[in-house]
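The file entry.txt comes next; it holds compact mmCIF, C-alpha atoms and all ligand atoms.
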# COMPACT_ATOMS: atom_id res chain seq x y z
CA MET A 1 41.68 20.20 17.17
CA LYS A 2 44.46 18.10 18.66
CA GLU A 3 46.13 19.00 21.94
CA GLU A 4 49.51 19.48 20.26
CA ASP A 5 48.01 22.12 17.99
CA CYS A 6 47.48 24.54 20.87
CA LEU A 7 49.42 27.78 20.63
CA LEU A 8 48.74 28.31 24.33
CA LYS A 9 47.52 25.74 26.79
CA PHE A 10 46.29 26.17 30.36
CA GLU A 11 45.31 23.72 33.06
CA ILE A 12 42.27 24.74 35.08
CA GLN A 13 41.54 23.53 38.60
CA GLY A 14 37.94 23.35 39.79
CA GLY A 15 37.16 25.41 42.88
CA GLU A 16 40.38 27.38 42.52
CA PHE A 17 39.09 30.96 42.53
CA LEU A 18 42.32 32.53 43.65
CA ASP A 19 44.75 31.70 40.89
CA SER A 20 42.31 31.15 38.06
CA GLY A 21 41.67 33.44 35.14
CA GLU A 22 45.31 33.68 34.19
CA SER A 23 44.67 32.51 30.63
CA SER A 24 42.89 35.73 29.69
CA ALA A 25 45.88 37.85 30.70
CA VAL A 26 48.31 35.68 28.73
CA ILE A 27 46.05 35.54 25.67
CA LYS A 28 45.61 39.30 25.85
CA GLU A 29 49.39 39.83 25.67
CA TYR A 30 49.68 37.36 22.81
CA LEU A 31 46.94 38.97 20.70
CA LYS A 32 48.26 42.46 21.44
CA LYS A 33 51.74 41.46 20.36
CA ILE A 34 50.60 40.20 16.97
CA GLY A 35 48.65 43.40 16.37
CA ILE A 36 45.04 42.26 16.73
CA PRO A 37 42.62 45.20 17.15
CA HIS A 38 41.29 45.91 20.65
CA PRO A 39 37.54 45.24 20.15
CA PHE A 40 38.34 41.78 18.82
CA ILE A 41 40.67 41.06 21.74
CA ARG A 42 37.95 42.13 24.17
CA ARG A 43 35.49 39.66 22.65
CA VAL A 44 37.95 36.79 22.85
CA LEU A 45 38.94 37.60 26.43
CA ILE A 46 35.41 37.93 27.79
CA ALA A 47 34.28 34.64 26.26
CA THR A 48 37.47 32.80 27.21
CA TYR A 49 37.38 34.06 30.77
CA GLU A 50 33.74 33.00 31.21
CA ALA A 51 34.54 29.55 29.83
CA GLU A 52 37.49 29.18 32.17
CA MET A 53 35.49 30.37 35.17
CA ASN A 54 32.75 27.87 34.38
CA VAL A 55 35.26 25.08 34.86
CA VAL A 56 36.39 26.68 38.12
CA ALA A 57 32.83 27.16 39.34
CA HIS A 58 31.13 24.02 38.07
CA ALA A 59 33.65 21.30 37.20
CA GLU A 60 36.49 19.31 38.69
CA LYS A 61 39.32 20.25 36.37
CA GLY A 62 39.90 21.14 32.76
CA THR A 63 42.17 22.27 29.97
CA LEU A 64 41.98 25.41 27.88
CA CYS A 65 43.53 25.42 24.45
CA PHE A 66 44.00 28.58 22.43
CA THR A 67 45.00 28.54 18.81
CA ILE A 68 44.71 30.48 15.58
CA GLU A 69 43.67 28.82 12.35
CA GLY A 70 44.05 31.22 9.43
CA GLU A 71 41.79 34.17 10.27
CA THR A 72 40.06 32.40 13.14
CA VAL A 73 40.88 32.28 16.82
CA VAL A 74 39.77 28.98 18.31
CA VAL A 75 39.37 28.44 22.04
CA ARG A 76 38.55 24.96 23.27
CA VAL A 77 37.86 24.24 26.92
CA HIS A 78 37.16 20.73 28.04
CA ASP A 79 36.57 19.56 31.55
CA LYS A 80 36.00 16.58 33.73
CA GLY A 81 32.88 17.39 35.67
CA PRO A 82 29.15 16.96 36.12
CA GLY A 83 28.24 17.94 32.55
CA ILE A 84 25.22 20.07 31.69
CA PRO A 85 21.89 18.17 31.80
CA ASP A 86 19.88 20.78 29.90
CA ILE A 87 21.93 23.05 27.64
CA GLU A 88 18.94 25.10 26.52
CA LEU A 89 18.13 25.92 30.13
CA ALA A 90 21.78 26.62 30.98
CA MET A 91 21.98 29.06 28.04
CA GLN A 92 19.18 31.19 29.47
CA LYS A 93 20.20 34.54 30.88
CA GLY A 94 20.17 34.45 34.67
CA TYR A 95 20.04 30.66 34.98
CA SER A 96 22.67 29.49 37.43
CA THR A 97 23.29 26.58 39.76
CA ALA A 98 26.24 28.37 41.39
CA THR A 99 26.64 27.94 45.14
CA GLN A 100 26.57 30.79 47.62
CA GLU A 101 30.34 30.48 47.92
CA VAL A 102 30.74 30.95 44.18
CA ARG A 103 28.46 33.99 44.31
CA GLN A 104 30.63 35.52 46.98
CA MET A 105 33.49 35.45 44.50
CA GLY A 106 31.43 37.52 42.06
CA PHE A 107 30.13 34.69 39.89
CA GLY A 108 26.80 33.00 39.42
CA ALA A 109 25.03 35.76 37.49
CA GLY A 110 23.98 33.15 34.98
CA MET A 111 25.39 35.38 32.26
CA GLY A 112 28.45 33.31 31.39
CA LEU A 113 27.09 31.11 28.63
CA PRO A 114 24.99 33.92 27.07
CA ASN A 115 28.10 36.07 27.26
CA MET A 116 30.18 33.42 25.49
CA LYS A 117 27.57 33.13 22.76
CA GLN A 118 27.33 36.89 22.39
CA ASN A 119 31.08 37.40 22.06
CA SER A 120 31.99 34.46 19.82
CA ASP A 121 31.06 33.79 16.20
CA THR A 122 30.36 30.14 16.84
CA LEU A 123 29.86 28.34 20.12
CA VAL A 124 29.63 24.56 20.26
CA ILE A 125 28.93 22.72 23.52
CA ASN A 126 29.34 18.98 23.81
CA THR A 127 28.46 17.60 27.18
CA GLU A 128 27.86 14.30 28.86
CA VAL A 129 26.23 14.20 32.27
CA GLY A 130 28.57 12.67 34.82
CA THR A 131 31.59 12.89 32.54
CA GLY A 132 32.30 16.44 31.46
CA THR A 133 31.85 19.27 29.02
CA GLU A 134 33.64 20.55 25.95
CA VAL A 135 33.18 24.11 24.77
CA ILE A 136 34.55 25.22 21.43
CA MET A 137 34.41 28.89 20.48
CA GLU A 138 35.52 30.50 17.24
CA PHE A 139 36.21 34.14 16.62
CA THR A 140 36.77 35.27 13.08
CA LEU A 141 38.85 38.36 12.44
CA MET B 142 35.42 64.51 38.57
CA LYS B 143 38.96 64.38 39.91
CA LEU B 144 40.04 61.23 41.72
CA SER B 145 40.90 63.26 44.81
CA ASP B 146 37.34 64.70 44.86
CA ILE B 147 35.85 61.25 44.40
CA ILE B 148 37.80 59.92 47.37
CA GLU B 149 36.85 62.87 49.53
CA SER B 150 33.15 62.78 48.70
CA ILE B 151 32.74 59.13 49.73
CA ASP B 152 35.08 59.29 52.75
CA GLY B 153 37.29 56.91 50.85
CA ILE B 154 40.79 55.66 51.39
CA LEU B 155 43.20 55.22 48.52
CA LEU B 156 44.73 51.74 48.89
CA ASN B 157 47.63 52.14 46.51
CA ASP B 158 49.90 55.11 46.13
CA ALA B 159 50.74 54.72 42.45
CA ALA B 160 47.59 56.50 41.37
CA ASP B 161 47.53 60.05 40.06
CA THR B 162 44.82 61.80 42.08
CA ASN B 163 44.35 64.44 39.38
CA THR B 164 42.92 61.96 36.88
CA GLU B 165 39.40 62.88 35.76
CA TYR B 166 36.53 60.41 35.79
CA THR B 167 33.18 60.82 34.08
CA SER B 168 31.43 57.43 34.24
CA ALA B 169 30.93 54.46 36.53
CA TYR B 170 29.19 51.11 36.84
CA SER B 171 28.03 49.49 40.09
CA ALA B 172 27.82 45.69 40.39
CA ASP B 173 28.87 42.77 42.55
CA LEU B 174 28.48 40.09 39.92
CA LEU B 175 31.48 40.08 37.63
CA SER B 176 29.66 38.40 34.76
CA ASP B 177 27.29 41.37 34.72
CA VAL B 178 30.24 43.71 34.47
CA LEU B 179 31.66 41.60 31.65
CA ALA B 180 28.37 41.24 29.81
CA LEU B 181 26.76 44.60 30.23
CA THR B 182 29.39 47.35 30.20
CA LYS B 183 31.02 48.88 27.18
CA GLY B 184 34.19 50.86 26.93
CA HIS B 185 36.31 51.85 29.90
CA THR B 186 34.76 52.77 33.21
CA LEU B 187 35.23 53.14 36.92
CA LEU B 188 33.83 50.14 38.83
CA ILE B 189 31.97 50.28 42.14
CA THR B 190 31.82 46.81 43.68
CA GLY B 191 31.46 44.78 46.84
CA THR B 192 33.38 41.88 45.34
CA VAL B 193 36.92 41.81 46.67
CA SER B 194 38.26 38.58 45.16
CA LEU B 195 41.27 38.45 42.87
CA GLN B 196 38.85 37.95 40.00
CA VAL B 197 37.96 41.63 40.17
CA ILE B 198 41.49 42.40 39.06
CA ARG B 199 41.22 39.91 36.18
CA VAL B 200 38.02 41.52 35.02
CA ALA B 201 39.55 44.97 35.33
CA GLU B 202 42.41 43.78 33.14
CA ILE B 203 40.10 42.31 30.51
CA LEU B 204 37.86 45.35 30.29
CA GLY B 205 40.34 48.13 30.91
CA ILE B 206 38.56 49.29 34.08
CA THR B 207 39.99 52.67 35.08
CA ALA B 208 39.53 52.58 38.88
CA ILE B 209 37.85 50.35 41.46
CA ILE B 210 35.89 51.50 44.50
CA PHE B 211 35.36 48.74 47.07
CA ILE B 212 32.22 49.51 49.04
CA ARG B 213 30.38 48.66 52.29
CA GLY B 214 33.59 48.22 54.24
CA LYS B 215 34.80 45.25 52.25
CA MET B 216 38.56 45.41 52.25
CA PRO B 217 40.32 43.51 49.47
CA PRO B 218 42.96 41.12 50.87
CA PRO B 219 46.63 42.09 50.47
CA GLU B 220 47.16 39.68 47.57
CA VAL B 221 44.47 41.47 45.59
CA ILE B 222 46.11 44.83 46.18
CA GLU B 223 49.47 43.27 45.24
CA ALA B 224 48.04 41.79 42.04
CA ALA B 225 46.61 45.15 41.08
CA LYS B 226 50.00 46.71 41.63
CA ALA B 227 51.71 44.12 39.46
CA LYS B 228 49.21 44.00 36.62
CA LEU B 229 47.45 47.33 36.41
CA SER B 230 48.23 50.84 37.39
CA ILE B 231 44.77 51.87 38.47
CA PRO B 232 43.61 53.37 41.76
CA LEU B 233 41.89 51.13 44.31
CA ILE B 234 39.65 52.96 46.76
CA PHE B 235 38.00 51.70 49.93
CA THR B 236 34.85 53.12 51.51
CA ARG B 237 32.50 52.05 54.28
CA LYS B 238 29.53 53.53 52.46
CA THR B 239 27.00 51.30 50.74
CA MET B 240 26.84 50.77 47.00
CA PHE B 241 23.70 52.91 46.91
CA GLU B 242 25.19 55.83 48.78
CA THR B 243 28.50 55.69 46.95
CA SER B 244 26.75 55.68 43.59
CA GLY B 245 24.36 58.44 44.65
CA LEU B 246 27.10 60.70 45.94
CA LEU B 247 29.11 60.35 42.76
CA TYR B 248 26.03 60.83 40.60
CA SER B 249 25.17 64.02 42.44
CA LYS B 250 28.64 65.33 41.61
CA GLY B 251 28.27 64.62 37.90
CA ILE B 252 29.46 61.04 37.38
CA ARG B 253 27.12 59.24 34.96
CA PRO B 254 26.43 55.58 34.12
CA CYS B 255 29.01 54.17 31.75
CA GLU B 256 27.92 53.03 28.32
CA ASN B 257 26.06 49.78 28.98
CA VAL B 258 23.32 47.44 27.82
CA PRO B 259 20.53 46.06 29.99
CA ALA B 260 20.58 42.26 30.32
CA ASP B 261 17.33 41.86 28.37
CA GLU B 262 18.97 43.38 25.34
CA VAL B 263 22.06 41.16 25.30
N1 LIG C 1 31.63 23.49 32.45
C1 LIG C 1 30.43 23.28 33.05
N2 LIG C 1 30.20 22.11 33.71
C2 LIG C 1 29.01 21.88 34.32
N3 LIG C 1 27.99 22.77 34.33
C3 LIG C 1 28.17 23.95 33.69
C4 LIG C 1 29.38 24.26 33.03
N4 LIG C 1 29.25 25.49 32.48
C5 LIG C 1 28.03 25.91 32.79
N5 LIG C 1 27.36 24.99 33.51
C6 LIG C 1 25.96 25.08 34.01
O1 LIG C 1 25.28 26.10 33.30
C7 LIG C 1 24.81 27.10 34.21
C8 LIG C 1 24.86 28.48 33.55
O2 LIG C 1 26.21 28.84 33.27
P1 LIG C 1 26.59 30.39 33.15
O3 LIG C 1 25.68 31.02 32.15
O4 LIG C 1 28.04 30.48 32.90
O5 LIG C 1 26.19 30.98 34.57
P2 LIG C 1 26.95 30.85 35.98
O6 LIG C 1 28.32 30.29 35.73
O7 LIG C 1 26.97 32.25 36.47
O8 LIG C 1 26.12 29.94 36.82
C9 LIG C 1 25.70 26.96 35.42
O9 LIG C 1 25.11 27.47 36.59
C10 LIG C 1 25.88 25.44 35.48
O10 LIG C 1 24.74 24.82 36.03
MG MG C 2 29.57 31.00 34.32
Translate this file's structure into structure tokens.
Amino acid sequence: MKEEDCLLKFEIQGGEFLDSGESSAVIKEYLKKIGIPHPFIRRVLIATYEAEMNVVAHAEKGTLCFTIEGETVVVRVHDKGPGIPDIELAMQKGYSTATQEVRQMGFGAGMGLPNMKQNSDTLVINTEVGTGTEVIMEFTL
Amino acid sequence: MKLSDIIESIDGILLNDAADTNTEYTSAYSADLLSDVLALTKGHTLLITGTVSLQVIRVAEILGITAIIFIRGKMPPPEVIEAAKAKLSIPLIFTRKTMFETSGLLYSKGIRPCENVPADEV
């Protein structure tokens, strides 16, 4: 997916817990407007929000791209950050490297990645330690 | 249970005036970790939480949370109350009681756990 193909695009700032999470509200309005049923919207929003908050909690900065290809909603989040050394471990429920500060904001349950997997139809994670992470989620109507 | 009875039974304070205190509530979920709320609840529910960051409002928006009770004396900052006003029309309630006591009091008056899944079944 190329950047210019995004229907909606959001910049995400690492460590910015106050203003982050806006993408889910905008995507919600968009999907509502085009008549997408509520349970589907809920799935997209939960997974998208977790992906965005992972950039906020764990990375430096990132971009979230939302688009629709035929019957499929595609959300791609890529970030500049530490990357994920062990994806299998990171995918485990309850595994989290979140700091105490992040926990105070209500994050760090270690449920984000499992939650993204649960709510999407496909989840692809490409990551390079020291460089960053790309998460691509697809949701088929 | 009526919102007004909920507020009274936990010595709560309603933080926004928009709310209709006659609204009936039947279920609730207690958690501080927002990912747990996102992962483990189903349907619409009242939320009992000690997390007072703006992200609570985001999560409430995503899930259609019907009311939020902030517990153990944790007062949400003004910008959180403002955001709730702008984005949602749900009651925000403040209490000094603990999560345990708040949950117990509401349970004893008939509020039940919302539809949810335990983490080991996700
Ligand atoms: N974008 C990311 N960049 C770097 N590390 C990440 C990223 N997303 C997730 N991780 C790592 O995977 C772990 C598990 O993620 P998650 O399941 O979302 O739980 P949490 O965010 O609550 O820690 C994180 O604690 C972190 O170590
Ligand atoms: Mg996370």
Quick one: which residues from chain B are at most 8 Å off chain A, using only C-alpha atoms, as a VMD selection string?
chain B and resid 173 to 177 179 to 180 192 to 197 199 202 to 204 260 263
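The nearest approach to ligand LIG 1 (chain C) among the residues A:Asp121, A:Asn54, A:Gly130, A:Asp86, with all atoms listed in the file taken into account, belongs to A:Asn54.
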For Lys61 of chain A, please output as a list in words all residues within 6 Å (counting only C-alpha atoms; exclusion window: fewer than 6 positions along the same chain).
Ile12, Gln13, Gly14, Asp79 and Lys80 of chain A
Once you have the residues from the selection above, write them out as a short mmCIF file (atom, residue, chain, number, x, y, z; two decimals), in the coordinates of the input, restricted to C-alpha atoms.
data_model
loop_
_atom_site.label_atom_id
_atom_site.label_comp_id
_atom_site.auth_asym_id
_atom_site.auth_seq_id
_atom_site.Cartn_x
_atom_site.Cartn_y
_atom_site.Cartn_z
CA ILE A 12 42.27 24.74 35.08
CA GLN A 13 41.54 23.53 38.60
CA GLY A 14 37.94 23.35 39.79
CA ASP A 79 36.57 19.56 31.55
CA LYS A 80 36.00 16.58 33.73
#
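Taking atom N2 of ligand LIG 1 (chain C) as the reference point, atom CA of Glu262 of chain B is found at 25.5 Å.
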Might you pull out every residue within 9 Å of Thr239 of chain B, with only C-alpha atoms counted and same-chain residues fewer than 2 positions away left off, and present them as a PyMOL selection string?
chain B and resi 191+212-214+236-237+241-244
For Ile206 of chain B: contacts at 10 Å, only C-alpha atoms, fewer than 4 positions along chain excluded, given as a short mmCIF file (atom, residue, chain, number, x, y, z; two decimals) with C-alpha atoms, in the frame of the given file:
data_model
loop_
_atom_site.label_atom_id
_atom_site.label_comp_id
_atom_site.auth_asym_id
_atom_site.auth_seq_id
_atom_site.Cartn_x
_atom_site.Cartn_y
_atom_site.Cartn_z
CA ALA B 169 30.93 54.46 36.53
CA TYR B 170 29.19 51.11 36.84
CA GLY B 184 34.19 50.86 26.93
CA HIS B 185 36.31 51.85 29.90
CA THR B 186 34.76 52.77 33.21
CA LEU B 187 35.23 53.14 36.92
CA LEU B 188 33.83 50.14 38.83
CA VAL B 197 37.96 41.63 40.17
CA ILE B 198 41.49 42.40 39.06
CA ARG B 199 41.22 39.91 36.18
CA VAL B 200 38.02 41.52 35.02
CA ALA B 201 39.55 44.97 35.33
CA GLU B 202 42.41 43.78 33.14
CA LEU B 229 47.45 47.33 36.41
CA ILE B 231 44.77 51.87 38.47
#
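Among the candidate residues A:Thr97, A:Ser120, A:Thr127, A:Gln92, the one lying nearest to Leu141 of chain A is A:Ser120, with distances computed using only C-alpha atoms.
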For Leu7 of chain A, which residue out of A:Glu128, A:Glu60, A:Glu69, A:Glu101 is the nearest one, using only C-alpha atoms?
A:Glu69
Surrounding residues of Thr164 of chain B excluding itself and chain neighbours under 2 positions, 7 Å, only C-alpha atoms, as number ranges by chain
B: 143-144, 161-162, 166
Judged by all atoms listed in the file, the minimum distance to ligand LIG 1 (chain C) among A:Glu52, A:Glu71, A:Glu29, A:Glu16 is found for A:Glu52
As a check of understanding: the span from atom CA of Ile222 of chain B to atom CA of Ile27 of chain A is 22.5 Å
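Of note, atom CA of Met142 of chain B and atom CA of Lys250 of chain B are spaced 7.5 Å apart.
Checking A:Ile136, A:Ile36, A:Val73, A:Ala57 one by one against ligand LIG 1 (chain C), counting only C-alpha atoms and all ligand atoms, you find the shortest gap at A:Ala57.
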Taking all atoms of ligand LIG 1 (chain C) that appear in the file, build a box with edges along x, y and z, extend it by 3 Å on every side, and state its centre and edge lengths in Å to one decimal, as lines of an AutoDock Vina configuration file.
center_x = 28.2
center_y = 27.1
center_z = 34.5
size_x = 12.9
size_y = 16.4
size_z = 10.7
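Ranking A:Glu11, A:Glu138, A:Asp5, A:Glu88 by their shortest atom-to-atom distance to ligand LIG 1 (chain C), with all atoms listed in the file included, puts A:Glu88 first.
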Any chance you could model N, CA, C and O atoms for segment 222-245 of chain B and send them as a PDB file, keeping the file's coordinate frame?
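Wrote it out as rebuild-v1.pdb, contents follow:
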ATOM      1  N   ILE B 222      45.470  43.522  46.353  1.00  0.00           N
ATOM      2  CA  ILE B 222      46.110  44.830  46.180  1.00  0.00           C
ATOM      3  C   ILE B 222      47.472  44.649  45.492  1.00  0.00           C
ATOM      4  O   ILE B 222      47.839  45.415  44.598  1.00  0.00           O
ATOM      5  N   GLU B 223      48.178  43.590  45.876  1.00  0.00           N
ATOM      6  CA  GLU B 223      49.470  43.270  45.240  1.00  0.00           C
ATOM      7  C   GLU B 223      49.295  42.981  43.759  1.00  0.00           C
ATOM      8  O   GLU B 223      50.043  43.470  42.918  1.00  0.00           O
ATOM      9  N   ALA B 224      48.279  42.165  43.441  1.00  0.00           N
ATOM     10  CA  ALA B 224      48.040  41.790  42.040  1.00  0.00           C
ATOM     11  C   ALA B 224      47.714  43.024  41.218  1.00  0.00           C
ATOM     12  O   ALA B 224      48.168  43.163  40.073  1.00  0.00           O
ATOM     13  N   ALA B 225      46.952  43.923  41.798  1.00  0.00           N
ATOM     14  CA  ALA B 225      46.610  45.150  41.080  1.00  0.00           C
ATOM     15  C   ALA B 225      47.862  45.955  40.801  1.00  0.00           C
ATOM     16  O   ALA B 225      48.033  46.531  39.731  1.00  0.00           O
ATOM     17  N   LYS B 226      48.749  45.973  41.773  1.00  0.00           N
ATOM     18  CA  LYS B 226      50.000  46.710  41.630  1.00  0.00           C
ATOM     19  C   LYS B 226      50.836  46.132  40.493  1.00  0.00           C
ATOM     20  O   LYS B 226      51.410  46.843  39.682  1.00  0.00           O
ATOM     21  N   ALA B 227      50.862  44.781  40.442  1.00  0.00           N
ATOM     22  CA  ALA B 227      51.710  44.120  39.460  1.00  0.00           C
ATOM     23  C   ALA B 227      51.126  44.189  38.042  1.00  0.00           C
ATOM     24  O   ALA B 227      51.859  44.258  37.070  1.00  0.00           O
ATOM     25  N   LYS B 228      49.827  44.169  37.928  1.00  0.00           N
ATOM     26  CA  LYS B 228      49.210  44.000  36.620  1.00  0.00           C
ATOM     27  C   LYS B 228      48.611  45.268  36.030  1.00  0.00           C
ATOM     28  O   LYS B 228      48.489  45.421  34.826  1.00  0.00           O
ATOM     29  N   LEU B 229      48.158  46.159  36.902  1.00  0.00           N
ATOM     30  CA  LEU B 229      47.450  47.330  36.410  1.00  0.00           C
ATOM     31  C   LEU B 229      47.973  48.528  37.167  1.00  0.00           C
ATOM     32  O   LEU B 229      48.362  48.406  38.307  1.00  0.00           O
ATOM     33  N   SER B 230      47.903  49.681  36.562  1.00  0.00           N
ATOM     34  CA  SER B 230      48.230  50.840  37.390  1.00  0.00           C
ATOM     35  C   SER B 230      46.967  51.678  37.537  1.00  0.00           C
ATOM     36  O   SER B 230      46.862  52.765  36.998  1.00  0.00           O
ATOM     37  N   ILE B 231      45.994  51.129  38.242  1.00  0.00           N
ATOM     38  CA  ILE B 231      44.770  51.870  38.470  1.00  0.00           C
ATOM     39  C   ILE B 231      44.544  52.049  39.972  1.00  0.00           C
ATOM     40  O   ILE B 231      44.963  51.218  40.771  1.00  0.00           O
ATOM     41  N   PRO B 232      43.879  53.143  40.346  1.00  0.00           N
ATOM     42  CA  PRO B 232      43.610  53.370  41.760  1.00  0.00           C
ATOM     43  C   PRO B 232      42.586  52.394  42.337  1.00  0.00           C
ATOM     44  O   PRO B 232      41.607  52.049  41.671  1.00  0.00           O
ATOM     45  N   LEU B 233      42.840  51.942  43.556  1.00  0.00           N
ATOM     46  CA  LEU B 233      41.890  51.130  44.310  1.00  0.00           C
ATOM     47  C   LEU B 233      41.469  51.966  45.513  1.00  0.00           C
ATOM     48  O   LEU B 233      42.322  52.470  46.246  1.00  0.00           O
ATOM     49  N   ILE B 234      40.162  52.104  45.693  1.00  0.00           N
ATOM     50  CA  ILE B 234      39.650  52.960  46.760  1.00  0.00           C
ATOM     51  C   ILE B 234      38.736  52.138  47.663  1.00  0.00           C
ATOM     52  O   ILE B 234      37.984  51.288  47.181  1.00  0.00           O
ATOM     53  N   PHE B 235      38.819  52.400  48.944  1.00  0.00           N
ATOM     54  CA  PHE B 235      38.000  51.700  49.930  1.00  0.00           C
ATOM     55  C   PHE B 235      37.056  52.683  50.593  1.00  0.00           C
ATOM     56  O   PHE B 235      37.450  53.791  50.935  1.00  0.00           O
ATOM     57  N   THR B 236      35.786  52.281  50.751  1.00  0.00           N
ATOM     58  CA  THR B 236      34.850  53.120  51.510  1.00  0.00           C
ATOM     59  C   THR B 236      33.929  52.249  52.340  1.00  0.00           C
ATOM     60  O   THR B 236      33.651  51.109  51.969  1.00  0.00           O
ATOM     61  N   ARG B 237      33.454  52.798  53.463  1.00  0.00           N
ATOM     62  CA  ARG B 237      32.500  52.050  54.280  1.00  0.00           C
ATOM     63  C   ARG B 237      31.071  52.310  53.842  1.00  0.00           C
ATOM     64  O   ARG B 237      30.145  51.701  54.343  1.00  0.00           O
ATOM     65  N   LYS B 238      30.886  53.221  52.917  1.00  0.00           N
ATOM     66  CA  LYS B 238      29.530  53.530  52.460  1.00  0.00           C
ATOM     67  C   LYS B 238      28.962  52.398  51.615  1.00  0.00           C
ATOM     68  O   LYS B 238      29.706  51.598  51.050  1.00  0.00           O
ATOM     69  N   THR B 239      27.647  52.339  51.538  1.00  0.00           N
ATOM     70  CA  THR B 239      27.000  51.300  50.740  1.00  0.00           C
ATOM     71  C   THR B 239      27.164  51.582  49.249  1.00  0.00           C
ATOM     72  O   THR B 239      27.561  52.681  48.849  1.00  0.00           O
ATOM     73  N   MET B 240      26.805  50.587  48.448  1.00  0.00           N
ATOM     74  CA  MET B 240      26.840  50.770  47.000  1.00  0.00           C
ATOM     75  C   MET B 240      25.886  51.889  46.597  1.00  0.00           C
ATOM     76  O   MET B 240      26.200  52.723  45.759  1.00  0.00           O
ATOM     77  N   PHE B 241      24.715  51.903  47.224  1.00  0.00           N
ATOM     78  CA  PHE B 241      23.700  52.910  46.910  1.00  0.00           C
ATOM     79  C   PHE B 241      24.211  54.314  47.200  1.00  0.00           C
ATOM     80  O   PHE B 241      24.143  55.218  46.361  1.00  0.00           O
ATOM     81  N   GLU B 242      24.747  54.484  48.399  1.00  0.00           N
ATOM     82  CA  GLU B 242      25.190  55.830  48.780  1.00  0.00           C
ATOM     83  C   GLU B 242      26.402  56.278  47.959  1.00  0.00           C
ATOM     84  O   GLU B 242      26.479  57.427  47.518  1.00  0.00           O
ATOM     85  N   THR B 243      27.316  55.366  47.745  1.00  0.00           N
ATOM     86  CA  THR B 243      28.500  55.690  46.950  1.00  0.00           C
ATOM     87  C   THR B 243      28.086  56.150  45.549  1.00  0.00           C
ATOM     88  O   THR B 243      28.531  57.190  45.050  1.00  0.00           O
ATOM     89  N   SER B 244      27.202  55.351  44.952  1.00  0.00           N
ATOM     90  CA  SER B 244      26.750  55.680  43.590  1.00  0.00           C
ATOM     91  C   SER B 244      26.012  57.022  43.586  1.00  0.00           C
ATOM     92  O   SER B 244      26.232  57.858  42.702  1.00  0.00           O
ATOM     93  N   GLY B 245      25.151  57.209  44.587  1.00  0.00           N
ATOM     94  CA  GLY B 245      24.360  58.440  44.650  1.00  0.00           C
ATOM     95  C   GLY B 245      25.226  59.671  44.835  1.00  0.00           C
ATOM     96  O   GLY B 245      25.014  60.697  44.188  1.00  0.00           O
TER      97      GLY B 245
END
